[in-house]
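Novice: Below you will find the structure I want to go over with you.
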Amino acid sequence: MSTPKKPGFGTLAVHAGWEPEEKTGAVMPPIYMTSTYVQDAPGQPREGFEYSRTQNITRFALQDALATLEGGACGFTFTSGMAAITTLLLTLKPGDRIVCGDDLYGGTYRLFTKVGERFGLRFDFVDTSDPMTFENLPEDTTLLYLETPSNPLLKLVPLELAIAAGHRVGADVCVDNTFATPALQQPLTLGADFIIHSTTKYIAGHSDVVGGALIAREESRKEDLWFHQNSAGTVNSPFDAFLTLRGLRTLALRMDRHCQNALQVAKALEAHPKVTKVIYPGLPSHPQHELASTQMSAGGGMVCFEIDGGADEAATVVQSLKFFALAESLGGVESLVELPAPMTHASIPAETRAALGITDGLVRLSVGIEDGDDLVADLEQALAQI
Ligand SMILES: *Cc1c(COP(=O)(O)O)cnc(C)c1O
């Protein structure tokens with residue numbers, strides 16, 4: 001007898017984490033809005049359910065689904081992406097050394113430098129898109145913390161190299177997989193130890209819920225992560241877990257469309273006379289396009305471009321768009337546009353921004369799942385305003 005083929009990603013996205021309930025046959029997980037559970041005798045909770053911070057069926061369904069989709073052994077979900085990262089930091093101890101990218105998500109940078117350092121953690125901010133970085137990884141690294149593609153410049157980390165280097169010095173490797181999602185890359189299957197998500201973005205996918213996740217490759221991590229999730233109380237609500245799982249069911253479909261639209265938009269922008277540069281991993285002009293083609297199954301839904309002009313021209317363009325809402329965040333079904341310099345990356349000093357390549361004319365798009373032709377037409381009419 002042949003062994004059954006492992007279900008594909010689209011099938012897992014629809015089914016993972018939940019079997020129709022035994023008692024009622026409920027096809028979708030009910031929202032278990034209960035804080036506590038009755039016990040049959042003192043200290044004898046039914047099926048181990050004591051209190052919802054510790055155990056909640058709706059949250060468990062989401063956690064199990066995410067663990068399965070990432071190829072991990074266990075998953076934990078939180079009030080936000082930042083709560084997931086905070087809980088990961090809580091598993092460390094003073095003196096531990098974290099090596100991370102120099103272009104991390106701004107909130108992560110703030111947590112590391114303004115909070116983590118106060119508790120005795122040490123952070124090295126390095127260029128994680130440069131393979132040389134991993135030749136010289138400090139021997140006492142505790143945690144290698146990576147983001148790929150990065151925000152907003154969409155630089156990639158060579159994951160295989162990075163993971164091997166991290167393990168060579170005995171460090172755990174964590175990848176923030178928010179931008180790519182497991183639909184495009186699954187770092188745990190390459191040997192990474194932890195995955196972080198802001199489920200606020202593509203995982204939930206509808207811009208209606210804030211949440212986060214931490215997933216581990218090995219079952220042996222489960223007890224420690226659960227202990228810290230429960231101790232810190234960073235859990236998401238049953239309602240948020242339900243919404244996030246509802247969104248997750250269409251992740252495969254949505255990512256296909258995000259990627260298809262993003263490539264169409266990137267190509268149109270690259271051919272536009274008022275655009276000086278387009279950054280998209282799916283374009284051959286991306287400096288790491290080779291790596292993108294081996295590491296990711298598609299280029300993702302984020303596109304950045306530089307317009308011929310400065311802050312004023314950029315403001316005109318983003319305010320002239322009709323289908324791209326001017327807003328921070330990303331990953332929802334609707335297209336969004338933002339200017340990193342005055343918005344998401346305003347807290348980075350101007351000289352540092354310039355050195356990194358975040359110019360005043362840089363525009364970041366989160367390309368939604370509308371009709372691609374409409375998005376291209378919208379960008380063309382907006383660029384015609386300058
Ligand atoms: C948004 C984001 C976060 C933080 O997640 P929240 O849900 O906003 O707390 C972390 N990492 C990346 C890459 C993000 O885009």
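The chains in the structure tokens are called A, B, ... from first to last as shown; in each chain the residues are counted from 1, and the ligands are counted from 1 in the order shown.
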What parts of region 207-318 of chain A does DSSP call strand (DSSP E)? I'd like the answer as a list in words.

Specialist: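 These are the residues in question: Gly212, Ala213, Leu214, Ile215, Ala216, Val275, Thr276, Lys277, Val278, Ile279, Met302, Val303, Cys304, Phe305, Glu306 and Ile307 of chain A.
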
Novice: Within 8 Å of ligand 1, counting only C-alpha atoms and all ligand atoms, which protein or nucleic acid residues do you find, written as a PyMOL selection string?

Specialist: chain A and resi 79-85+104-105+107-108+147+150-151+176-179+196-201+210-212+329-330

Novice: What would the file look like if the residues just selected were written as a PDB file, in the first residue's frame with N, CA and C atoms?

Specialist:
```
ATOM      1  N   THR A  79      -2.008  38.555  22.173  1.00  0.00           N
ATOM      2  CA  THR A  79      -2.800  39.761  21.899  1.00  0.00           C
ATOM      3  C   THR A  79      -2.282  40.544  20.705  1.00  0.00           C
ATOM      4  N   SER A  80      -1.013  40.419  20.384  1.00  0.00           N
ATOM      5  CA  SER A  80      -0.437  41.175  19.270  1.00  0.00           C
ATOM      6  C   SER A  80       0.878  40.512  18.877  1.00  0.00           C
ATOM      7  N   GLY A  81       1.410  40.932  17.745  1.00  0.00           N
ATOM      8  CA  GLY A  81       2.735  40.453  17.357  1.00  0.00           C
ATOM      9  C   GLY A  81       3.763  40.849  18.412  1.00  0.00           C
ATOM     10  N   MET A  82       3.643  42.081  18.941  1.00  0.00           N
ATOM     11  CA  MET A  82       4.592  42.537  19.958  1.00  0.00           C
ATOM     12  C   MET A  82       4.501  41.679  21.227  1.00  0.00           C
ATOM     13  N   ALA A  83       3.283  41.240  21.583  1.00  0.00           N
ATOM     14  CA  ALA A  83       3.130  40.383  22.769  1.00  0.00           C
ATOM     15  C   ALA A  83       3.808  39.029  22.536  1.00  0.00           C
ATOM     16  N   ALA A  84       3.768  38.543  21.303  1.00  0.00           N
ATOM     17  CA  ALA A  84       4.445  37.277  20.985  1.00  0.00           C
ATOM     18  C   ALA A  84       5.958  37.442  21.154  1.00  0.00           C
ATOM     19  N   ILE A  85       6.501  38.550  20.638  1.00  0.00           N
ATOM     20  CA  ILE A  85       7.948  38.782  20.725  1.00  0.00           C
ATOM     21  C   ILE A  85       8.353  39.015  22.187  1.00  0.00           C
ATOM     22  N   LEU A 104      14.963  45.857  11.393  1.00  0.00           N
ATOM     23  CA  LEU A 104      13.808  45.174  11.985  1.00  0.00           C
ATOM     24  C   LEU A 104      12.567  46.059  11.942  1.00  0.00           C
ATOM     25  N   TYR A 105      11.405  45.423  12.075  1.00  0.00           N
ATOM     26  CA  TYR A 105      10.150  46.151  12.292  1.00  0.00           C
ATOM     27  C   TYR A 105      10.373  47.150  13.440  1.00  0.00           C
ATOM     28  N   GLY A 107       8.627  48.491  15.818  1.00  0.00           N
ATOM     29  CA  GLY A 107       8.150  48.135  17.155  1.00  0.00           C
ATOM     30  C   GLY A 107       9.054  47.116  17.820  1.00  0.00           C
ATOM     31  N   THR A 108       9.621  46.230  17.018  1.00  0.00           N
ATOM     32  CA  THR A 108      10.541  45.223  17.551  1.00  0.00           C
ATOM     33  C   THR A 108      11.838  45.906  18.008  1.00  0.00           C
ATOM     34  N   GLU A 147      14.353  38.713  10.162  1.00  0.00           N
ATOM     35  CA  GLU A 147      13.126  39.101   9.457  1.00  0.00           C
ATOM     36  C   GLU A 147      13.419  39.060   7.973  1.00  0.00           C
ATOM     37  N   SER A 150      12.513  42.074   4.650  1.00  0.00           N
ATOM     38  CA  SER A 150      12.518  43.109   5.676  1.00  0.00           C
ATOM     39  C   SER A 150      11.594  44.261   5.267  1.00  0.00           C
ATOM     40  N   ASN A 151      11.404  45.135   6.217  1.00  0.00           N
ATOM     41  CA  ASN A 151      10.457  46.219   6.080  1.00  0.00           C
ATOM     42  C   ASN A 151      11.182  47.556   6.234  1.00  0.00           C
ATOM     43  N   ASP A 176      10.905  36.049  12.024  1.00  0.00           N
ATOM     44  CA  ASP A 176       9.618  36.742  11.931  1.00  0.00           C
ATOM     45  C   ASP A 176       9.130  36.544  10.499  1.00  0.00           C
ATOM     46  N   ASN A 177       8.093  35.705  10.353  1.00  0.00           N
ATOM     47  CA  ASN A 177       7.623  35.291   9.027  1.00  0.00           C
ATOM     48  C   ASN A 177       6.367  36.060   8.597  1.00  0.00           C
ATOM     49  N   THR A 178       6.181  37.240   9.200  1.00  0.00           N
ATOM     50  CA  THR A 178       4.961  38.028   8.949  1.00  0.00           C
ATOM     51  C   THR A 178       4.794  38.389   7.477  1.00  0.00           C
ATOM     52  N   PHE A 179       5.882  38.820   6.811  1.00  0.00           N
ATOM     53  CA  PHE A 179       5.764  39.305   5.430  1.00  0.00           C
ATOM     54  C   PHE A 179       5.532  38.167   4.437  1.00  0.00           C
ATOM     55  N   ILE A 196       7.903  33.811  14.499  1.00  0.00           N
ATOM     56  CA  ILE A 196       7.049  34.872  15.042  1.00  0.00           C
ATOM     57  C   ILE A 196       6.116  35.338  13.927  1.00  0.00           C
ATOM     58  N   HIS A 197       4.876  35.650  14.294  1.00  0.00           N
ATOM     59  CA  HIS A 197       3.953  36.301  13.371  1.00  0.00           C
ATOM     60  C   HIS A 197       3.267  37.465  14.034  1.00  0.00           C
ATOM     61  N   SER A 198       3.118  38.541  13.288  1.00  0.00           N
ATOM     62  CA  SER A 198       2.049  39.470  13.581  1.00  0.00           C
ATOM     63  C   SER A 198       0.877  38.919  12.766  1.00  0.00           C
ATOM     64  N   THR A 199      -0.038  38.196  13.434  1.00  0.00           N
ATOM     65  CA  THR A 199      -1.181  37.626  12.708  1.00  0.00           C
ATOM     66  C   THR A 199      -2.148  38.714  12.264  1.00  0.00           C
ATOM     67  N   THR A 200      -1.921  39.929  12.800  1.00  0.00           N
ATOM     68  CA  THR A 200      -2.657  41.126  12.363  1.00  0.00           C
ATOM     69  C   THR A 200      -2.612  41.273  10.846  1.00  0.00           C
ATOM     70  N   LYS A 201      -1.525  40.841  10.238  1.00  0.00           N
ATOM     71  CA  LYS A 201      -1.260  41.122   8.824  1.00  0.00           C
ATOM     72  C   LYS A 201      -1.877  40.029   7.945  1.00  0.00           C
ATOM     73  N   VAL A 210      -6.046  42.482  15.788  1.00  0.00           N
ATOM     74  CA  VAL A 210      -4.616  42.537  16.111  1.00  0.00           C
ATOM     75  C   VAL A 210      -4.256  41.257  16.857  1.00  0.00           C
ATOM     76  N   GLY A 211      -3.155  40.623  16.464  1.00  0.00           N
ATOM     77  CA  GLY A 211      -2.765  39.396  17.146  1.00  0.00           C
ATOM     78  C   GLY A 211      -1.355  38.966  16.780  1.00  0.00           C
ATOM     79  N   GLY A 212      -0.848  37.977  17.514  1.00  0.00           N
ATOM     80  CA  GLY A 212       0.498  37.489  17.234  1.00  0.00           C
ATOM     81  C   GLY A 212       0.608  36.005  17.503  1.00  0.00           C
ATOM     82  N   SER A 329       0.232  49.619   8.529  1.00  0.00           N
ATOM     83  CA  SER A 329      -0.140  48.195   8.519  1.00  0.00           C
ATOM     84  C   SER A 329      -0.136  47.648   7.095  1.00  0.00           C
ATOM     85  N   LEU A 330      -0.471  46.390   6.958  1.00  0.00           N
ATOM     86  CA  LEU A 330      -0.311  45.679   5.694  1.00  0.00           C
ATOM     87  C   LEU A 330      -1.006  44.327   5.796  1.00  0.00           C
TER      88      LEU A 330
END
```

Novice: Please identify all polymer residues within 12 Å of Tyr109 (chain A), counting only C-alpha atoms, omitting same-chain residues fewer than 2 positions from it, and present them as a count of residues only.

Specialist: 30

Novice: Find the spatial neighbours of region 10-21 of chain A, counting only C-alpha atoms, within a cut-off of 9 Å - ignore same-chain residues fewer than 3 positions away - and output them as a list in words.

Specialist: Pro7, Thr24, Gly25, Ala26, Val27, Met28, Pro29, Phe60, Ala61, Leu62, Gln63, Asp64, Ala65, Leu66, Ala67, Thr68, Leu69, Ala183, Leu248, Arg249, Thr250, Leu251, Ala252 and Leu253 of chain A

Novice: Excluding Thr316 (chain A) and any residue of its chain fewer than 5 positions from it, enumerate the residues within 12 Å of it, using only C-alpha atoms, and give them as a PyMOL selection string.

Specialist: chain A and resi 307+309-311+321+326+338-339+361+363+379+381-386
